[in-house]
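Enquirer: Dropping in target-v5.cif, with mmCIF, C-alpha atoms.
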data_target
loop_
_atom_site.label_atom_id
_atom_site.label_comp_id
_atom_site.auth_asym_id
_atom_site.auth_seq_id
_atom_site.Cartn_x
_atom_site.Cartn_y
_atom_site.Cartn_z
CA MET A 1 8.73 -19.51 -17.59
CA GLY A 2 9.11 -23.23 -16.74
CA ASP A 3 9.25 -25.12 -20.00
CA GLY A 4 10.52 -22.01 -21.80
CA LYS A 5 14.09 -22.31 -20.47
CA ASP A 6 16.65 -22.05 -23.21
CA ASP A 7 20.08 -23.71 -23.33
CA GLN A 8 21.77 -20.70 -21.84
CA GLY A 9 19.29 -20.73 -18.97
CA THR A 10 19.79 -24.37 -18.04
CA SER A 11 23.57 -24.50 -18.52
CA GLY A 12 23.99 -21.87 -15.81
CA LEU A 13 21.81 -23.76 -13.33
CA LYS A 14 24.53 -26.01 -11.98
CA ASN A 15 26.37 -22.93 -10.73
CA TYR A 16 23.42 -21.61 -8.74
CA SER A 17 23.67 -21.76 -4.97
CA GLU A 18 21.95 -24.70 -3.32
CA GLU A 19 19.30 -22.47 -1.67
CA THR A 20 18.43 -20.87 -5.00
CA LEU A 21 18.03 -24.29 -6.66
CA LEU A 22 15.82 -25.51 -3.79
CA MET A 23 13.69 -22.39 -4.03
CA LEU A 24 13.32 -22.80 -7.80
CA ALA A 25 12.19 -26.40 -7.20
CA VAL A 26 9.59 -25.07 -4.76
CA ARG A 27 8.52 -22.35 -7.17
CA ASP A 28 8.40 -24.33 -10.40
CA ASP A 29 7.64 -27.89 -9.19
CA ARG A 30 5.99 -27.25 -5.78
CA ASP A 31 8.61 -29.68 -4.42
CA LYS A 32 7.90 -30.36 -0.72
CA ARG A 33 11.19 -32.16 -0.11
CA ALA A 34 13.06 -29.12 -1.39
CA PHE A 35 10.91 -27.00 0.95
CA ALA A 36 11.80 -29.21 3.92
CA LYS A 37 15.49 -28.74 3.11
CA LEU A 38 15.04 -24.96 2.99
CA PHE A 39 13.27 -25.18 6.34
CA ALA A 40 16.15 -27.17 7.83
CA HIS A 41 18.63 -24.58 6.54
CA PHE A 42 16.82 -21.36 7.37
CA GLY A 43 14.55 -22.33 10.30
CA PRO A 44 17.21 -22.36 13.04
CA ARG A 45 18.98 -19.26 11.65
CA LEU A 46 15.72 -17.40 11.45
CA LYS A 47 14.88 -18.32 15.04
CA GLY A 48 18.34 -17.18 16.13
CA VAL A 49 18.05 -13.74 14.55
CA ALA A 50 14.42 -13.28 15.62
CA MET A 51 15.43 -13.87 19.23
CA ARG A 52 18.28 -11.40 18.90
CA GLY A 53 15.71 -8.97 17.51
CA GLY A 54 13.89 -9.08 20.82
CA LEU A 55 11.46 -12.00 20.52
CA SER A 56 10.95 -14.82 22.98
CA SER A 57 11.70 -18.38 21.88
CA GLY A 58 8.00 -19.06 21.33
CA GLN A 59 7.41 -15.83 19.38
CA ALA A 60 10.52 -16.53 17.30
CA GLU A 61 9.19 -19.97 16.37
CA ASP A 62 5.87 -18.40 15.35
CA VAL A 63 7.85 -16.09 13.08
CA VAL A 64 9.76 -19.07 11.63
CA GLN A 65 6.48 -20.81 10.92
CA ASP A 66 4.83 -17.77 9.32
CA VAL A 67 7.86 -16.86 7.24
CA MET A 68 8.37 -20.37 5.89
CA LEU A 69 4.67 -20.72 5.02
CA THR A 70 4.84 -17.37 3.22
CA ILE A 71 7.86 -18.60 1.24
CA TRP A 72 5.81 -21.62 0.15
CA ARG A 73 2.66 -19.67 -0.68
CA LYS A 74 4.33 -16.75 -2.45
CA ALA A 75 6.99 -18.83 -4.20
CA HIS A 76 5.81 -17.51 -7.58
CA MET A 77 7.15 -14.09 -6.54
CA PHE A 78 10.73 -15.39 -6.19
CA ASP A 79 13.07 -13.81 -8.71
CA PRO A 80 16.67 -15.05 -8.30
CA SER A 81 18.07 -12.31 -10.50
CA ARG A 82 16.95 -9.66 -8.00
CA ALA A 83 16.89 -11.37 -4.63
CA GLN A 84 18.48 -14.20 -2.72
CA VAL A 85 16.25 -16.61 -0.82
CA SER A 86 17.83 -15.17 2.32
CA SER A 87 17.06 -11.54 1.45
CA TRP A 88 13.47 -12.45 0.75
CA ILE A 89 13.31 -14.27 4.08
CA TYR A 90 14.87 -11.24 5.77
CA GLN A 91 12.19 -8.95 4.37
CA ILE A 92 9.27 -11.19 5.35
CA ALA A 93 10.75 -11.90 8.78
CA ARG A 94 11.16 -8.21 9.61
CA ASN A 95 7.54 -7.58 8.59
CA ARG A 96 6.38 -10.31 10.94
CA GLN A 97 8.55 -8.97 13.77
CA VAL A 98 7.13 -5.46 13.35
CA ASP A 99 3.69 -7.02 13.57
CA VAL A 100 4.50 -9.09 16.67
CA LEU A 101 6.41 -6.40 18.59
CA ARG A 102 4.65 -3.18 17.63
CA LYS A 103 1.30 -4.44 16.33
CA GLU A 104 1.96 -2.36 13.24
CA ASN A 105 1.60 -3.19 9.62
CA ARG A 106 4.69 -2.25 7.64
CA PRO A 107 3.60 -0.71 4.33
CA LEU A 108 5.34 -2.39 1.39
CA PRO A 109 6.34 -0.90 -1.97
CA GLU A 110 4.29 -1.63 -5.05
CA ALA A 111 5.34 -5.03 -6.40
CA LEU A 112 7.12 -5.13 -9.73
CA LYS A 113 5.84 -7.60 -12.25
CA ALA A 114 6.10 -11.20 -11.03
CA PRO A 115 9.04 -13.02 -12.66
CA SER A 116 6.75 -15.52 -14.36
CA GLU A 117 5.35 -12.72 -16.49
CA ASP A 118 8.79 -11.93 -17.85
CA ALA A 119 10.30 -13.70 -20.78
CA GLU A 120 13.37 -15.72 -19.82
CA GLU A 121 15.15 -15.92 -16.52
CA ASP A 122 18.62 -14.78 -17.42
CA ALA A 123 21.09 -17.19 -15.84
CA GLY A 124 23.86 -14.65 -16.29
CA GLN A 125 21.98 -12.11 -14.17
CA VAL A 126 21.33 -14.67 -11.45
CA LEU A 127 24.98 -15.70 -11.31
CA ALA A 128 26.19 -12.10 -11.31
CA LEU A 129 24.01 -11.41 -8.28
CA GLU A 130 25.20 -14.55 -6.50
CA GLN A 131 28.84 -13.56 -7.10
CA GLU A 132 28.12 -10.08 -5.80
CA VAL A 133 26.50 -11.53 -2.69
CA SER A 134 29.38 -13.89 -2.00
CA ALA A 135 31.77 -10.93 -2.26
CA LEU A 136 29.53 -9.10 0.21
CA LYS A 137 29.61 -12.09 2.58
CA GLN A 138 33.40 -12.12 2.44
CA ALA A 139 33.47 -8.40 3.24
CA LEU A 140 31.14 -9.05 6.18
CA ALA A 141 33.32 -11.91 7.40
CA LYS A 142 36.40 -9.65 7.36
CA LEU A 143 34.91 -7.06 9.72
CA LYS A 144 36.39 -6.69 13.18
CA PRO A 145 34.08 -8.14 15.88
CA ALA A 146 32.98 -4.70 17.12
CA GLN A 147 32.19 -3.56 13.58
CA ARG A 148 30.38 -6.76 12.85
CA GLU A 149 28.29 -6.24 15.97
CA MET A 150 27.28 -2.76 14.81
CA VAL A 151 26.24 -4.05 11.40
CA GLU A 152 24.24 -6.86 12.98
CA LYS A 153 22.57 -4.43 15.32
CA ALA A 154 21.57 -2.19 12.42
CA TYR A 155 20.08 -5.02 10.38
CA LEU A 156 18.94 -7.56 12.95
CA GLY A 157 18.64 -5.54 16.16
CA GLU A 158 15.67 -4.81 18.33
CA LEU A 159 12.84 -2.92 16.73
CA SER A 160 10.53 -2.40 19.65
CA HIS A 161 11.03 1.36 19.48
CA THR A 162 11.62 3.86 16.72
CA ASP A 163 14.96 5.54 16.78
CA ILE A 164 14.94 7.45 13.56
CA GLU A 165 17.33 10.18 14.56
CA ALA A 166 20.13 7.91 15.68
CA GLU A 167 23.14 8.05 13.42
CA THR A 168 24.01 4.55 12.37
CA GLY A 169 27.68 5.38 11.75
CA LEU A 170 28.25 1.95 10.25
CA PRO A 171 31.71 0.82 9.25
CA LEU A 172 30.44 0.20 5.80
CA GLY A 173 33.51 1.23 3.81
CA THR A 174 34.18 -2.06 2.07
CA ILE A 175 30.61 -3.24 2.24
CA LYS A 176 29.29 -0.08 0.70
CA SER A 177 31.39 -0.51 -2.40
CA ARG A 178 30.04 -4.04 -2.64
CA ILE A 179 26.51 -2.84 -2.22
CA ARG A 180 27.14 -0.19 -4.83
CA LEU A 181 28.21 -2.76 -7.38
CA GLY A 182 25.20 -4.85 -6.48
CA LEU A 183 23.04 -1.79 -6.75
CA GLU A 184 24.18 -0.96 -10.19
CA LYS A 185 23.30 -4.45 -11.29
CA LEU A 186 19.96 -4.37 -9.53
CA ARG A 187 19.17 -1.01 -11.01
CA HIS A 188 19.88 -2.17 -14.54
CA GLU A 189 17.76 -5.20 -13.87
CA LEU A 190 14.96 -2.98 -12.59
CA ASP A 191 15.27 -0.75 -15.63
CA GLY A 192 15.01 -3.83 -17.82
CA ILE A 193 11.89 -5.04 -16.03
CA ARG A 194 10.30 -1.61 -16.24
CA LYS A 195 11.02 -1.27 -19.92
CA SER A 196 10.02 -4.78 -20.98
CA MET B 1 9.82 12.04 -14.13
CA THR B 2 13.30 12.80 -12.86
CA ILE B 3 13.60 12.36 -9.14
CA LYS B 4 16.24 14.56 -7.54
CA HIS B 5 15.50 14.24 -3.83
CA HIS B 6 15.76 10.67 -2.51
CA ILE B 7 15.36 8.82 0.77
CA PRO B 8 18.61 9.14 2.77
CA ASP B 9 20.42 5.83 3.19
CA ALA B 10 20.08 5.73 6.98
CA LEU B 11 16.28 5.98 6.63
CA LEU B 12 16.22 3.27 3.96
CA LEU B 13 18.11 0.98 6.33
CA ASP B 14 15.71 1.84 9.16
CA TYR B 15 12.85 0.95 6.85
CA ALA B 16 14.50 -2.31 5.73
CA SER B 17 15.12 -3.36 9.33
CA GLY B 18 11.58 -2.48 10.38
CA ARG B 19 12.72 0.20 12.81
CA LEU B 20 10.78 2.98 11.10
CA SER B 21 7.31 3.62 12.49
CA GLU B 22 4.31 3.15 10.23
CA PRO B 23 3.75 6.81 9.20
CA PHE B 24 7.33 7.15 7.91
CA ALA B 25 7.38 3.62 6.52
CA LEU B 26 4.38 4.54 4.35
CA VAL B 27 6.27 7.50 2.84
CA VAL B 28 9.37 5.34 2.21
CA ALA B 29 7.32 2.52 0.64
CA THR B 30 5.52 5.05 -1.58
CA HIS B 31 8.73 6.74 -2.71
CA VAL B 32 10.32 3.34 -3.45
CA SER B 33 7.24 2.53 -5.56
CA MET B 34 8.10 5.59 -7.69
CA CYS B 35 11.91 5.43 -7.65
CA ASP B 36 13.98 2.58 -9.11
CA GLU B 37 17.17 3.97 -7.64
CA CYS B 38 15.87 3.78 -4.07
CA ARG B 39 14.30 0.38 -4.77
CA ALA B 40 17.71 -0.93 -5.83
CA ARG B 41 19.34 0.54 -2.71
CA LEU B 42 16.61 -0.96 -0.52
CA GLU B 43 17.02 -4.38 -2.12
CA ALA B 44 20.78 -4.17 -1.57
CA HIS B 45 20.06 -3.58 2.15
CA GLU B 46 17.72 -6.56 2.20
CA ILE B 47 20.39 -8.72 0.57
CA THR B 48 22.80 -7.62 3.30
CA GLY B 49 20.21 -8.53 5.95
CA GLY B 50 19.79 -11.91 4.27
CA ALA B 51 23.55 -12.49 4.24
CA LEU B 52 23.59 -11.84 8.00
CA ILE B 53 20.82 -14.41 8.53
CA GLU B 54 22.84 -16.90 6.47
CA ALA B 55 25.86 -16.30 8.71
CA ASP B 56 23.92 -16.75 11.97
CA ASP B 57 24.77 -19.67 14.26
CA GLY B 58 21.08 -20.38 14.65
CA ALA B 59 18.94 -21.57 17.56
CA GLU B 60 17.54 -25.06 17.97
CA LEU B 61 13.94 -25.50 16.87
CA SER B 62 11.35 -27.39 18.89
CA GLY B 63 10.75 -30.90 17.60
CA GLY B 64 7.55 -30.98 15.57
CA LEU B 65 7.83 -27.46 14.16
CA LEU B 66 8.74 -28.75 10.70
CA ASP B 67 5.89 -31.33 10.74
CA ASN B 68 3.53 -28.60 11.86
CA VAL B 69 4.50 -26.41 8.90
CA MET B 70 4.49 -29.27 6.39
CA ALA B 71 0.95 -30.17 7.50
CA GLN B 72 -0.22 -26.65 6.62
CA LEU B 73 1.24 -26.46 3.12
CA ASP B 74 -1.95 -27.53 1.39
CA ASP B 75 -4.33 -25.52 3.58
CA PRO B 76 -6.52 -23.08 1.69
CA VAL B 77 -5.25 -19.51 2.09
CA GLU B 78 -7.29 -16.39 2.46
CA GLU B 79 -5.70 -13.90 0.10
CA ALA B 80 -5.27 -10.38 1.47
CA PRO B 81 -6.59 -7.73 -0.95
CA VAL B 82 -3.92 -6.41 -3.32
CA TYR B 83 -4.20 -2.71 -4.06
CA GLN B 84 -3.09 -1.23 -7.37
CA ARG B 85 -1.83 2.23 -8.17
CA SER B 86 -4.71 4.55 -9.07
CA GLY B 87 -3.99 7.84 -10.83
CA ILE B 88 -1.35 9.73 -8.88
CA PHE B 89 -1.58 7.40 -5.86
CA PRO B 90 0.91 4.46 -5.79
CA ALA B 91 -0.26 1.15 -4.32
CA PRO B 92 0.86 1.79 -0.69
CA VAL B 93 -1.24 5.00 -0.60
CA MET B 94 -4.21 3.16 -2.14
CA GLU B 95 -3.81 0.52 0.56
CA ALA B 96 -3.85 3.21 3.27
CA LEU B 97 -6.97 4.65 1.59
CA LYS B 98 -8.44 1.12 1.45
CA GLY B 99 -8.90 1.50 -2.30
CA ARG B 100 -11.18 4.56 -2.07
CA PRO B 101 -10.49 8.09 -3.26
CA PRO B 102 -9.38 10.56 -0.56
CA LYS B 103 -12.01 12.34 1.53
CA TRP B 104 -10.51 15.81 1.74
CA LYS B 105 -11.17 18.01 4.77
CA PRO B 106 -10.71 21.78 4.30
CA LEU B 107 -8.01 23.46 6.39
CA GLY B 108 -8.63 27.02 5.13
CA ARG B 109 -7.22 29.03 2.20
CA GLY B 110 -8.03 26.14 -0.11
CA VAL B 111 -5.65 23.74 1.66
CA ARG B 112 -7.14 20.29 2.27
CA GLN B 113 -5.99 17.15 4.01
CA GLN B 114 -6.84 13.60 4.75
CA ILE B 115 -5.17 11.94 7.72
CA LEU B 116 -4.25 8.36 6.82
CA ARG B 117 -2.76 7.16 10.10
CA ARG B 118 -2.24 8.72 13.47
CA SER B 119 -0.63 7.14 16.50
CA GLU B 120 1.74 7.92 19.34
CA SER B 121 4.64 7.47 16.95
CA GLY B 122 3.42 10.15 14.55
CA SER B 123 0.99 10.76 11.77
CA VAL B 124 0.80 10.61 8.01
CA ARG B 125 -1.58 12.55 5.78
CA LEU B 126 -2.34 13.58 2.25
CA LEU B 127 -2.12 17.34 1.74
CA TYR B 128 -3.68 19.32 -1.11
CA ILE B 129 -2.24 22.78 -1.68
CA PRO B 130 -3.74 25.08 -4.33
CA PRO B 131 -1.29 26.32 -6.99
CA GLY B 132 0.77 29.34 -5.96
CA LEU B 133 -0.18 29.11 -2.29
CA ASP B 134 2.33 29.31 0.54
CA VAL B 135 1.87 27.02 3.51
CA PRO B 136 2.28 28.88 6.82
CA ASP B 137 5.81 29.08 8.14
CA HIS B 138 6.29 26.21 10.55
CA THR B 139 8.87 24.25 12.52
CA HIS B 140 8.91 20.64 13.67
CA GLY B 141 9.56 18.92 16.92
CA GLY B 142 11.20 16.05 15.08
CA LEU B 143 11.34 14.57 11.63
CA GLU B 144 9.06 15.39 8.73
CA LEU B 145 9.03 13.56 5.40
CA THR B 146 7.09 15.13 2.53
CA LEU B 147 6.70 13.28 -0.76
CA VAL B 148 5.23 15.04 -3.81
CA LEU B 149 2.58 13.03 -5.70
CA GLN B 150 1.35 15.80 -7.99
CA GLY B 151 2.53 19.32 -8.86
CA ALA B 152 5.57 20.79 -7.11
CA PHE B 153 6.61 23.04 -4.26
CA SER B 154 9.71 25.04 -3.43
CA ASP B 155 11.20 26.13 -0.14
CA GLU B 156 14.58 26.81 1.43
CA GLY B 157 15.56 23.21 0.65
CA GLY B 158 15.04 23.54 -3.11
CA ARG B 159 12.39 22.55 -5.63
CA PHE B 160 10.42 19.36 -5.08
CA GLY B 161 8.56 17.79 -8.00
CA VAL B 162 6.69 14.50 -8.42
CA GLY B 163 8.55 11.67 -6.65
CA ASP B 164 10.85 14.01 -4.71
CA VAL B 165 10.92 13.67 -0.95
CA GLU B 166 11.92 16.43 1.45
CA VAL B 167 13.46 15.42 4.76
CA ALA B 168 13.06 18.18 7.34
CA ASP B 169 14.77 17.73 10.70
CA ASP B 170 14.37 19.24 14.10
CA ASP B 171 13.96 22.98 14.19
CA VAL B 172 14.07 23.50 10.45
CA GLU B 173 11.86 26.45 9.68
CA HIS B 174 10.49 26.32 6.22
CA GLN B 175 7.82 27.93 4.15
CA PRO B 176 6.85 25.77 1.20
CA VAL B 177 5.23 27.50 -1.76
CA ALA B 178 3.21 25.44 -4.24
CA GLU B 179 4.12 26.00 -7.88
CA LYS B 180 1.64 27.43 -10.33
CA GLY B 181 -0.06 24.87 -12.52
CA ASP B 182 -1.55 21.73 -10.98
CA PRO B 183 -2.47 21.76 -7.30
CA CYS B 184 0.33 20.24 -5.21
CA ILE B 185 -0.62 16.94 -3.58
CA CYS B 186 1.81 15.52 -1.02
CA LEU B 187 2.11 12.59 1.33
CA ALA B 188 3.53 13.95 4.59
CA ALA B 189 4.61 12.14 7.77
CA THR B 190 5.57 13.80 11.04
CA ASP B 191 6.52 12.38 14.41
CA SER B 192 4.98 15.28 16.30
CA ALA B 193 2.52 18.07 15.72
CA LEU B 194 3.68 20.84 13.39
CA LYS B 195 4.21 24.16 15.14
CA PHE B 196 3.14 27.19 13.18
CA ASN B 197 5.00 30.40 13.84
CA SER B 198 2.01 32.68 14.02
CA LEU B 199 -0.76 32.88 16.51
CA VAL B 200 -3.81 32.04 14.48
CA PRO B 201 -2.66 28.76 12.96
CA LYS B 202 -1.39 27.79 16.43
CA LEU B 203 -4.90 28.24 17.81
CA LEU B 204 -6.34 26.19 15.00
CA GLN B 205 -3.86 23.37 15.42
CA PRO B 206 -5.86 21.30 17.91
CA ILE B 207 -8.95 21.70 15.76
CA PHE B 208 -7.38 20.65 12.51
CA ARG B 209 -4.93 18.19 14.07
CA ILE B 210 -2.09 19.35 11.90
#
Could you render the structure from this file as structure tokens?
Expert:
Amino acid sequence: MGDGKDDQGTSGLKNYSEETLLMLAVRDDRDKRAFAKLFAHFGPRLKGVAMRGGLSSGQAEDVVQDVMLTIWRKAHMFDPSRAQVSSWIYQIARNRQVDVLRKENRPLPEALKAPSEDAEEDAGQVLALEQEVSALKQALAKLKPAQREMVEKAYLGELSHTDIEAETGLPLGTIKSRIRLGLEKLRHELDGIRKS
Amino acid sequence: MTIKHHIPDALLLDYASGRLSEPFALVVATHVSMCDECRARLEAHEITGGALIEADDGAELSGGLLDNVMAQLDDPVEEAPVYQRSGIFPAPVMEALKGRPPKWKPLGRGVRQQILRRSESGSVRLLYIPPGLDVPDHTHGGLELTLVLQGAFSDEGGRFGVGDVEVADDDVEHQPVAEKGDPCICLAATDSALKFNSLVPKLLQPIFRI
């Protein structure tokens, strides 16, 4: 990784989302200014969703702090062809919230190989994922308010109790097809990582 | 390894959002460690969660929070131990075992178990079933997830081989039979005690904490 970027890899960079570029600067150059910009972007959003997930303002700020420090410390794990900065933040934030609210440790799946151990970062894969995600965001934005609320509740809602039998009944029609396309891409990517 | 029985989508979402209690979350994390298809579906859920964070209006942060975080960037970090897969046990199981091999406790008829976690919200254990043996007919008060790590078993729900997970709901009566060949080793989570449909196992239940 790093100095091994080929022409194809760098030519795609200008089309990456701003958050992805900032995260790559943190990962590859340990760039603190880029980190501060990520903090400014995600910090308030993260606090907002943590409070909606049932945390007090103080607890939510603790989560913001922990999550952002984790992003800095585990930056080498960031793989833009499989995850967005925001999905990574989502995963870490939910772990922290489980810890704060239920005093439980959420078991995590075995990590796949870190991206730095792979050959080249394929700019095409990164862009394909970003396009997929922006299509997903549009589908989310088109939901009716009540549907949107249900989706938010499912992903960002309270987690102080376990409600495993509840049917989610999400209005995921359009979103599901988006996820499915994203899935297919992710799955091929995973196959590639496994086989390499 | 061809996995035929996967984690249902609603459970994957409950895992992604953190709503699933630890015993079930361990089974999901272990299955995802073995199944690229479910890993891809999980990551798609996490991307959706991330997109919702992106779209949030946000809440104002206290002044000084950024400075506080920036000041900690260069602090030395104590690394948590990272567990690796060992033999048939994927990393999340090794973490629950704290890196040591299981300490099996006999349950009779050659069946053995090790409880990994037990709390109000349920329990999760490793089960060892000798080849060809049937596990007593039982029902559940809630949800049971059983993931095969070695060997295979069959019951009313079909055949379950390595990587397959059986989801048994309320009031499902089933009688799993281990296949001949290797002993069947499973990771099983329940949210209540199993109820066996015959008197003797029922009497033993408090003793063995099944």
Enquirer: Find the spatial neighbours of Arg52 (chain A), counting all atoms listed in the file, within a cut-off of 12 Å - ignore same-chain residues fewer than 6 positions away - and output them as a PyMOL selection string.
Expert: (chain A and resi 45-46+59-60+97+149+152-160) or (chain B and resi 53+56-59)
Enquirer: Show me, as an MDAnalysis selection string, the residues that have an atom within 7 Å of region 120-136 of chain B when counting all atoms listed in the file, minus same-chain residues fewer than 6 positions from it.
Expert: chainID B and resid 21 23 110:114 175:192 196
Enquirer: What does the PyMOL selection byres ((chain A and resi 94) around 10) select in this file, as an MDAnalysis selection string?
Expert: (chainID A and resid 50 53 63 67 89:93 95:100 106 155:156 159) or (chainID B and resid 15:19 49)
Enquirer: Measuring atom to atom with all atoms listed in the file, identify which of A:Arg27, A:His41, A:Lys32, A:Lys74 is nearest to Glu79 (chain B).
Expert: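 The shortest atom-to-atom distance to Glu79 (chain B) comes from A:Lys74.
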Enquirer: To one decimal place, how far is CA of His76 (chain A) from CA of Ile7 (chain B) in Å?
Expert: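 CA of Ile7 (chain B) lies at a distance of 29.2 Å from CA of His76 (chain A).
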Enquirer: Skipping near chain neighbours, those fewer than 2 positions away, what residues fall within 10 Å of Cys35 (chain B) using all atoms listed in the file, listed as a PyMOL selection string?
Expert: chain B and resi 1-3+6-7+29-33+37-40+163-164
Enquirer: Please list as a list in words every residue within 12 Å of Leu61 (chain B), counting all atoms listed in the file and excluding residues in the same chain fewer than 2 positions away.
Expert: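 My reading of the contact set: Phe39, Ala40, His41, Phe42, Gly43, Pro44, Arg45, Leu46, Lys47, Gly48, Met51, Ser57, Gly58, Gln59, Ala60, Glu61, Asp62, Val63, Val64 and Gln65 of chain A; Gly58, Ala59, Gly63, Gly64, Leu65, Leu66, Asp67 and Asn68 of chain B.
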Enquirer: Could you tell me how far CA of Ala75 (chain A) sits from CA of Val93 (chain B), in Å to one decimal place?
Expert: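 Rounded to one decimal, the two atoms are 25.5 Å apart.
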Enquirer: Expressed in Å to a single decimal, how great is the separation between CA of Trp88 (chain A) and CA of Ala135 (chain A)?
Expert: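 CA of Ala135 (chain A) lies at a distance of 18.6 Å from CA of Trp88 (chain A).
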Enquirer: Return the single residue from B:Gly50, B:Gly158, B:Pro92, B:Pro81 that is closest to His174 (chain B), with distances computed using only C-alpha atoms.
Expert: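 Result for the nearest residue to His174 (chain B): B:Gly158.
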Enquirer: For Ala51 (chain B), which residue out of A:Ala83, A:Ala36, A:Ala128, A:Ala25 is the nearest one, using all atoms listed in the file?
Expert: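 Closest residue, counting all atoms listed in the file: A:Ala83.
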Enquirer: Can you turn the PyMOL selection byres ((chain B and resi 77) around 12) into a concrete residue list for this file, as JSON, numbers by chain?
Expert: {"A": [69, 70, 72, 73, 74], "B": [72, 73, 74, 75, 76, 78, 79, 80]}
Enquirer: Box time for region 18-23 of chain B: axis-aligned, enclosing all its listed atoms, 5 Å extra on each side; report centre and edge lengths in Å to one decimal, as JSON.
Expert:
{"center_x": 8.2, "center_y": 2.2, "center_z": 11.0, "size_x": 19.0, "size_y": 19.3, "size_z": 13.6}
Enquirer: Please reconstruct the missing atoms of region 49-54 of chain B (target: all heavy atoms) and return them as a PDB file, in the coordinates of the input.
Expert:
ATOM      1  N   GLY B  49      20.912  -7.913   4.825  1.00  0.00           N
ATOM      2  CA  GLY B  49      20.210  -8.530   5.950  1.00  0.00           C
ATOM      3  C   GLY B  49      20.133 -10.042   5.786  1.00  0.00           C
ATOM      4  O   GLY B  49      20.349 -10.799   6.738  1.00  0.00           O
ATOM      5  N   GLY B  50      19.862 -10.473   4.558  1.00  0.00           N
ATOM      6  CA  GLY B  50      19.790 -11.910   4.270  1.00  0.00           C
ATOM      7  C   GLY B  50      21.132 -12.597   4.483  1.00  0.00           C
ATOM      8  O   GLY B  50      21.204 -13.696   5.035  1.00  0.00           O
ATOM      9  N   ALA B  51      22.213 -11.915   4.069  1.00  0.00           N
ATOM     10  CA  ALA B  51      23.550 -12.490   4.240  1.00  0.00           C
ATOM     11  C   ALA B  51      23.862 -12.656   5.729  1.00  0.00           C
ATOM     12  O   ALA B  51      24.522 -13.620   6.133  1.00  0.00           O
ATOM     13  CB  ALA B  51      24.595 -11.597   3.576  1.00  0.00           C
ATOM     14  N   LEU B  52      23.361 -11.727   6.550  1.00  0.00           N
ATOM     15  CA  LEU B  52      23.590 -11.840   8.000  1.00  0.00           C
ATOM     16  C   LEU B  52      22.786 -12.996   8.596  1.00  0.00           C
ATOM     17  O   LEU B  52      23.249 -13.659   9.521  1.00  0.00           O
ATOM     18  CB  LEU B  52      23.234 -10.521   8.692  1.00  0.00           C
ATOM     19  CG  LEU B  52      24.190  -9.356   8.397  1.00  0.00           C
ATOM     20  CD1 LEU B  52      23.605  -8.029   8.849  1.00  0.00           C
ATOM     21  CD2 LEU B  52      25.550  -9.591   9.072  1.00  0.00           C
ATOM     22  N   ILE B  53      21.586 -13.242   8.069  1.00  0.00           N
ATOM     23  CA  ILE B  53      20.820 -14.410   8.530  1.00  0.00           C
ATOM     24  C   ILE B  53      21.572 -15.689   8.162  1.00  0.00           C
ATOM     25  O   ILE B  53      21.723 -16.598   8.986  1.00  0.00           O
ATOM     26  CB  ILE B  53      19.399 -14.434   7.898  1.00  0.00           C
ATOM     27  CG1 ILE B  53      18.550 -13.281   8.453  1.00  0.00           C
ATOM     28  CG2 ILE B  53      18.702 -15.776   8.161  1.00  0.00           C
ATOM     29  CD1 ILE B  53      17.130 -13.228   7.889  1.00  0.00           C
ATOM     30  N   GLU B  54      22.076 -15.728   6.926  1.00  0.00           N
ATOM     31  CA  GLU B  54      22.840 -16.900   6.470  1.00  0.00           C
ATOM     32  C   GLU B  54      24.011 -17.203   7.413  1.00  0.00           C
ATOM     33  O   GLU B  54      24.349 -18.354   7.649  1.00  0.00           O
ATOM     34  CB  GLU B  54      23.414 -16.645   5.068  1.00  0.00           C
ATOM     35  CG  GLU B  54      22.407 -16.747   3.947  1.00  0.00           C
ATOM     36  CD  GLU B  54      22.280 -18.168   3.414  1.00  0.00           C
ATOM     37  OE1 GLU B  54      22.866 -19.093   4.018  1.00  0.00           O
ATOM     38  OE2 GLU B  54      21.589 -18.339   2.395  1.00  0.00           O
TER      39      GLU B  54
END
